[in-house]
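Novice: Mind having a look at this structure? Questions to follow.
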Amino acid sequence: MTGTLYLIPVPLGPSAPQESLTPGVLATIRPLGHFVVEQAKTARAFLKAAGTDKPLQELELKELNEHTKSDALSDLLAPLRAGLDVGLLSEAGCPAVADPGANLVALAQQENIRVVPLIGPSSLLLALMASGLNGQRFAFQGYLPAKEAERTKALHDLESESRKRSQTQMFIETPYRNRAMFDAILATCQPGTRLTVATDLTQPGETIRTQTIQHWKKQTPPDIERLPSVFLLLA
């Protein structure tokens, strides 16, 4: 019998786990002794706040991030093969969505290891829910190219696809490039295209605004510099 890989959501900001996770999720986390995490330091802070049945120093935390080589993934499943349950944590939000944990989940599925996603905050779904855009057809594009020419082409293509399929296009950006992305969208997309900017979701300064490109150009730019944001557009 193999163990279960639990996909553990993490608050989107510095709020306490009890504010965004259900009692059932917290109860599932507490007895676990093995975790795969993006950064051990922040994971320990989260686990301390969430509460664990074992002392923090006795927990086994293995890191999985953008620097992890593909041939190291198999070793991370060793406790599961031995029948032990493991928790997978992202830095924020739901693991395996725009997150390197997806590679570990894929390998677990290949080995028929039970994978259980736990309920928690997803910035993508929260932004879509509040956007007023098409929630029946939508696509998440991850990060768009950072270079200006490639980014402009990507935005043209996404707007065209959105218009063709009546499909909401969702994407994110490294926070320090948020303003450059916002300016590029306004310079590239058509006046009637609707754009949602969702920033600092679930936090005290949360803002979610949807306007046409034409109206955005007449407004003061949103305060999104260095704040986690999701961009959505519908042509």
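Simple scheme: letters A, B, ... for chains in structure tokens order, numbers from 1 for residues in each chain, numbers from 1 for ligands in the order shown.
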Set the distance at 10 Å and use only C-alpha atoms: which residues neighbour Leu124 (chain A) once local chain neighbours fewer than 4 positions away are removed? I'd like the list as a compact mmCIF listing (two decimals) with all heavy atoms, in the first residue's frame.
Specialist:
```txt
# COMPACT_ATOMS: atom_id res chain seq x y z
N GLY A 93 -1.28 29.90 -2.42
CA GLY A 93 -2.36 29.36 -3.25
C GLY A 93 -2.32 27.85 -3.36
O GLY A 93 -1.84 27.15 -2.46
N CYS A 94 -2.82 27.34 -4.47
CA CYS A 94 -2.98 25.91 -4.65
C CYS A 94 -1.75 25.30 -5.33
O CYS A 94 -1.32 25.79 -6.37
CB CYS A 94 -4.22 25.62 -5.49
SG CYS A 94 -5.75 26.17 -4.71
N VAL A 97 -0.55 24.34 -9.61
CA VAL A 97 -1.14 25.27 -10.56
C VAL A 97 -0.18 26.44 -10.69
O VAL A 97 0.03 27.18 -9.74
CB VAL A 97 -2.54 25.76 -10.11
CG1 VAL A 97 -3.11 26.75 -11.13
CG2 VAL A 97 -3.49 24.58 -9.92
N LEU A 128 -11.45 35.21 -11.50
CA LEU A 128 -12.47 34.92 -12.51
C LEU A 128 -13.87 35.12 -11.95
O LEU A 128 -14.74 35.71 -12.61
CB LEU A 128 -12.30 33.48 -13.02
CG LEU A 128 -13.27 33.02 -14.10
CD1 LEU A 128 -13.11 33.86 -15.37
CD2 LEU A 128 -13.06 31.54 -14.41
N MET A 129 -14.09 34.66 -10.74
CA MET A 129 -15.41 34.81 -10.11
C MET A 129 -15.84 36.26 -10.03
O MET A 129 -17.01 36.59 -10.26
CB MET A 129 -15.37 34.21 -8.69
CG MET A 129 -15.29 32.69 -8.63
SD MET A 129 -14.77 32.10 -6.99
CE MET A 129 -16.07 32.77 -5.95
N PHE A 140 -6.08 29.60 -18.84
CA PHE A 140 -4.99 30.21 -18.09
C PHE A 140 -3.70 30.04 -18.88
O PHE A 140 -3.33 28.93 -19.25
CB PHE A 140 -4.86 29.55 -16.72
CG PHE A 140 -3.67 30.02 -15.94
CD1 PHE A 140 -3.48 31.38 -15.69
CD2 PHE A 140 -2.73 29.13 -15.45
CE1 PHE A 140 -2.37 31.82 -14.98
CE2 PHE A 140 -1.63 29.55 -14.72
CZ PHE A 140 -1.45 30.91 -14.49
N MET A 170 -6.62 34.39 -19.16
CA MET A 170 -6.07 34.73 -17.85
C MET A 170 -4.56 34.53 -17.87
O MET A 170 -4.06 33.55 -18.42
CB MET A 170 -6.69 33.84 -16.77
CG MET A 170 -8.21 33.79 -16.79
SD MET A 170 -8.87 32.47 -15.74
CE MET A 170 -8.26 32.98 -14.15
N PHE A 171 -3.83 35.46 -17.26
CA PHE A 171 -2.39 35.31 -17.18
C PHE A 171 -1.85 36.10 -15.99
O PHE A 171 -2.56 36.93 -15.39
CB PHE A 171 -1.70 35.75 -18.48
CG PHE A 171 -2.18 37.06 -19.04
CD1 PHE A 171 -1.52 38.24 -18.75
CD2 PHE A 171 -3.29 37.11 -19.87
CE1 PHE A 171 -1.97 39.45 -19.26
CE2 PHE A 171 -3.74 38.32 -20.40
CZ PHE A 171 -3.07 39.49 -20.09
N ILE A 172 -0.61 35.81 -15.63
CA ILE A 172 0.02 36.47 -14.50
C ILE A 172 1.38 37.02 -14.93
O ILE A 172 1.85 36.74 -16.03
CB ILE A 172 0.19 35.51 -13.30
CG1 ILE A 172 0.94 34.24 -13.74
CG2 ILE A 172 -1.15 35.17 -12.68
CD1 ILE A 172 1.18 33.24 -12.62
N ALA A 198 -6.87 42.03 -11.02
CA ALA A 198 -7.19 41.57 -9.66
C ALA A 198 -5.90 41.51 -8.86
O ALA A 198 -4.99 40.75 -9.20
CB ALA A 198 -7.85 40.19 -9.72
N LEU A 201 -5.31 39.57 -3.77
CA LEU A 201 -6.55 38.88 -3.44
C LEU A 201 -6.52 38.29 -2.03
O LEU A 201 -5.50 37.76 -1.60
CB LEU A 201 -6.81 37.78 -4.47
CG LEU A 201 -7.14 38.30 -5.86
CD1 LEU A 201 -7.05 37.19 -6.90
CD2 LEU A 201 -8.51 38.94 -5.90
N SER A 229 -0.74 39.93 -8.81
CA SER A 229 -1.91 40.32 -9.60
C SER A 229 -2.24 39.26 -10.64
O SER A 229 -1.37 38.51 -11.09
CB SER A 229 -1.67 41.67 -10.30
OG SER A 229 -1.42 42.70 -9.36
N VAL A 230 -3.50 39.21 -11.01
CA VAL A 230 -3.97 38.36 -12.10
C VAL A 230 -4.62 39.27 -13.14
O VAL A 230 -5.39 40.17 -12.79
CB VAL A 230 -5.01 37.31 -11.60
CG1 VAL A 230 -5.45 36.41 -12.77
CG2 VAL A 230 -4.42 36.48 -10.48
N PHE A 231 -4.30 39.03 -14.41
CA PHE A 231 -4.88 39.80 -15.51
C PHE A 231 -5.83 38.89 -16.29
O PHE A 231 -5.50 37.74 -16.58
CB PHE A 231 -3.79 40.32 -16.46
CG PHE A 231 -2.77 41.22 -15.80
CD1 PHE A 231 -1.61 40.70 -15.24
CD2 PHE A 231 -2.99 42.58 -15.73
CE1 PHE A 231 -0.68 41.51 -14.63
CE2 PHE A 231 -2.06 43.42 -15.12
CZ PHE A 231 -0.90 42.89 -14.56
N LEU A 232 -7.01 39.43 -16.62
CA LEU A 232 -7.99 38.69 -17.41
C LEU A 232 -8.51 39.62 -18.49
O LEU A 232 -8.75 40.80 -18.25
CB LEU A 232 -9.17 38.23 -16.56
CG LEU A 232 -8.88 37.43 -15.29
CD1 LEU A 232 -8.67 38.35 -14.09
CD2 LEU A 232 -10.04 36.47 -14.98
```
Novice: Would you list, as a PyMOL selection string, the residues of region 44-195 of chain A that end up in strand (DSSP E or B) under DSSP run on this structure's backbone?
Specialist: chain A and resi 60-63+86-89+93+114-117+138-143+168-172+194-195
Novice: List as a list in words the protein and nucleic acid residues near Gly3 (chain A), meaning an atom at most 9 Å away when only C-alpha atoms are counted, but skip any in the same chain fewer than 3 places from it.
Specialist: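 The neighbour list is Pro79, Leu80, Arg81, Ala82, Gly83, Leu84, Asp85, Val86, Ile113 and Arg114 of chain A.
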Novice: Residues at most 8 Å from region 175-179 of chain A, counting only C-alpha atoms, excluding those fewer than 5 positions away in the same chain, as a list in words?
Specialist: Ile224, Glu225, Arg226, Leu227, Pro228 and Ser229 of chain A
Novice: Those same residues, written as a JSON list (two decimals), in the first residue's frame with N, CA, C and O atoms?
Specialist:
```
[["chain", "number", "residue", "atom", "x", "y", "z"],
["A", 224, "ILE", "N", -0.43, 48.50, -8.67],
["A", 224, "ILE", "CA", -0.15, 47.07, -8.76],
["A", 224, "ILE", "C", 1.34, 46.76, -8.71],
["A", 224, "ILE", "O", 1.73, 45.60, -8.81],
["A", 225, "GLU", "N", 2.16, 47.78, -8.56],
["A", 225, "GLU", "CA", 3.60, 47.56, -8.58],
["A", 225, "GLU", "C", 4.03, 46.67, -7.42],
["A", 225, "GLU", "O", 3.75, 46.96, -6.25],
["A", 226, "ARG", "N", 4.67, 45.56, -7.75],
["A", 226, "ARG", "CA", 5.21, 44.61, -6.78],
["A", 226, "ARG", "C", 4.14, 43.94, -5.92],
["A", 226, "ARG", "O", 4.43, 43.43, -4.83],
["A", 227, "LEU", "N", 2.89, 43.93, -6.38],
["A", 227, "LEU", "CA", 1.82, 43.24, -5.68],
["A", 227, "LEU", "C", 1.32, 42.08, -6.56],
["A", 227, "LEU", "O", 1.17, 42.24, -7.77],
["A", 228, "PRO", "N", 1.08, 40.90, -6.00],
["A", 228, "PRO", "CA", 0.61, 39.77, -6.82],
["A", 228, "PRO", "C", -0.70, 40.12, -7.50],
["A", 228, "PRO", "O", -1.66, 40.54, -6.85],
["A", 229, "SER", "N", -0.74, 39.93, -8.81],
["A", 229, "SER", "CA", -1.91, 40.32, -9.60],
["A", 229, "SER", "C", -2.24, 39.26, -10.64],
["A", 229, "SER", "O", -1.37, 38.51, -11.09]]
```
Novice: Per DSSP on the backbone, what are the alpha helix (DSSP H) residues of region 62-192 of chain A, as a PyMOL selection string?
Specialist: chain A and resi 73-76+78-81+101-110+123-131+148-165+178-188
Novice: Find the residues of region 98-187 of chain A that sit at most 12 Å from region 28-35 of chain A; for each, write down the nearest two atoms and how far apart they are in Å, to one decimal. Count only C-alpha atoms. Sort by chain, then by number going up, and give it as a Markdown table.
Specialist:
```
| residue | atom | partner | partner_atom | distance |
| --- | --- | --- | --- | --- |
| A:Gly101 | CA | A:Phe35 | CA | 11.6 |
| A:Val116 | CA | A:Thr28 | CA | 10.7 |
| A:Pro117 | CA | A:Thr28 | CA | 11.2 |
| A:Leu118 | CA | A:Thr28 | CA | 8.9 |
| A:Ile119 | CA | A:Thr28 | CA | 11.1 |
```
Novice: Counting only C-alpha atoms, which of A:Lys147, A:Arg194, A:Lys164, A:His67 gets nearest to Thr210 (chain A)?
Specialist: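 Result for the nearest residue to Thr210 (chain A): A:Arg194.
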Novice: What separation in Å, quoted to one decimal, exists between CA of Thr196 (chain A) and CA of Asn134 (chain A)?
Specialist: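 CA of Asn134 (chain A) lies at a distance of 11.6 Å from CA of Thr196 (chain A).
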Novice: Ranking A:Leu144, A:Val37, A:Ala149, A:Leu133 by minimum distance to Arg209 (chain A) and counting only C-alpha atoms, which one comes first?
Specialist: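 Nearest to Arg209 (chain A): A:Leu133.
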Novice: Please identify all polymer residues within 9 Å of Leu26 (chain A), counting only C-alpha atoms, omitting same-chain residues fewer than 2 positions from it, and present them as a PyMOL selection string.
Specialist: chain A and resi 17-18+21-24+28-30+50-52
Novice: Extract, using only C-alpha atoms, all DNA, RNA and protein residues at most 12 Å from Gln219 (chain A), discarding same-chain residues fewer than 4 positions from it, and format them as a PyMOL selection string.
Specialist: chain A and resi 186+209-215+223
Novice: Kindly save the residues from that selection, with N, CA, C and O atoms included, as a short mmCIF file (atom, residue, chain, number, x, y, z; two decimals), in the first residue's frame.
Specialist:
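This is the output file out21.cif:
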```
data_model
loop_
_atom_site.label_atom_id
_atom_site.label_comp_id
_atom_site.auth_asym_id
_atom_site.auth_seq_id
_atom_site.Cartn_x
_atom_site.Cartn_y
_atom_site.Cartn_z
N LEU A 186 -2.76 47.89 -22.53
CA LEU A 186 -3.47 49.08 -23.00
C LEU A 186 -2.98 49.52 -24.37
O LEU A 186 -3.76 50.02 -25.18
N ARG A 209 -10.91 45.16 -10.51
CA ARG A 209 -11.62 46.12 -11.37
C ARG A 209 -11.67 45.60 -12.79
O ARG A 209 -10.68 45.12 -13.34
N THR A 210 -12.86 45.71 -13.39
CA THR A 210 -13.05 45.34 -14.79
C THR A 210 -13.56 46.54 -15.56
O THR A 210 -14.59 47.13 -15.18
N GLN A 211 -12.85 46.91 -16.63
CA GLN A 211 -13.26 48.01 -17.49
C GLN A 211 -12.78 47.71 -18.90
O GLN A 211 -11.91 46.87 -19.11
N THR A 212 -13.35 48.40 -19.87
CA THR A 212 -12.84 48.27 -21.22
C THR A 212 -11.47 48.95 -21.31
O THR A 212 -11.13 49.80 -20.48
N ILE A 213 -10.71 48.57 -22.31
CA ILE A 213 -9.41 49.21 -22.53
C ILE A 213 -9.59 50.72 -22.68
O ILE A 213 -8.80 51.51 -22.15
N GLN A 214 -10.62 51.12 -23.39
CA GLN A 214 -10.90 52.54 -23.61
C GLN A 214 -11.07 53.26 -22.27
O GLN A 214 -10.54 54.36 -22.07
N HIS A 215 -11.81 52.66 -21.33
CA HIS A 215 -12.03 53.29 -20.03
C HIS A 215 -10.78 53.23 -19.16
O HIS A 215 -10.51 54.18 -18.40
N ASP A 223 -2.73 50.65 -8.61
CA ASP A 223 -1.53 50.49 -7.80
C ASP A 223 -1.21 48.99 -7.73
O ASP A 223 -1.68 48.28 -6.83
#
```
Novice: Restricting the calculation to only C-alpha atoms, which member of A:Val36, A:Leu61, A:Leu56, A:Leu125 is positioned closest to Asn103 (chain A)?
Specialist: A:Val36
Novice: Do you know which residues are at most 8 Å from Ala139 (chain A) counting only C-alpha atoms, after dropping those on the same chain fewer than 5 positions away, and could you put them as a list in words?
Specialist: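 After dropping sequence-adjacent residues, the list is Gln167, Thr168, Gln169 and Met170 of chain A.
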Novice: Would you mind exporting the chosen residues as a tab-separated table (two decimals), in the first residue's frame, restricted to all heavy atoms?
Specialist:
```tsv
chain	number	residue	atom	x	y	z
A	167	GLN	N	-13.83	33.58	-25.15
A	167	GLN	CA	-13.12	32.90	-24.07
A	167	GLN	C	-12.31	33.90	-23.25
A	167	GLN	O	-11.55	34.70	-23.79
A	167	GLN	CB	-12.18	31.86	-24.68
A	167	GLN	CG	-11.39	31.04	-23.69
A	167	GLN	CD	-10.44	30.10	-24.38
A	167	GLN	OE1	-9.44	30.52	-24.97
A	167	GLN	NE2	-10.74	28.81	-24.35
A	168	THR	N	-12.49	33.86	-21.94
A	168	THR	CA	-11.68	34.69	-21.05
A	168	THR	C	-10.24	34.18	-21.02
A	168	THR	O	-10.01	33.00	-20.81
A	168	THR	CB	-12.26	34.67	-19.62
A	168	THR	OG1	-13.60	35.17	-19.64
A	168	THR	CG2	-11.43	35.53	-18.69
A	169	GLN	N	-9.31	35.08	-21.25
A	169	GLN	CA	-7.89	34.74	-21.20
A	169	GLN	C	-7.30	35.27	-19.89
A	169	GLN	O	-7.46	36.44	-19.55
A	169	GLN	CB	-7.15	35.35	-22.39
A	169	GLN	CG	-7.65	34.87	-23.74
A	169	GLN	CD	-7.30	33.41	-24.00
A	169	GLN	OE1	-6.39	32.86	-23.39
A	169	GLN	NE2	-8.03	32.78	-24.92
A	170	MET	N	-6.62	34.39	-19.16
A	170	MET	CA	-6.07	34.73	-17.85
A	170	MET	C	-4.56	34.53	-17.87
A	170	MET	O	-4.06	33.55	-18.42
A	170	MET	CB	-6.69	33.84	-16.77
A	170	MET	CG	-8.21	33.79	-16.79
A	170	MET	SD	-8.87	32.47	-15.74
A	170	MET	CE	-8.26	32.98	-14.15
```
Novice: Between CA of Val197 (chain A) and CA of Met181 (chain A), what is the distance, to one decimal in Å?
Specialist: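 Separation between CA of Val197 (chain A) and CA of Met181 (chain A): 10.8 Å.
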Novice: With distances taken over only C-alpha atoms, which residue among A:His156, A:Ser90, A:Gly192, A:Leu104 lies nearest Ala72 (chain A)?
Specialist: A:Leu104
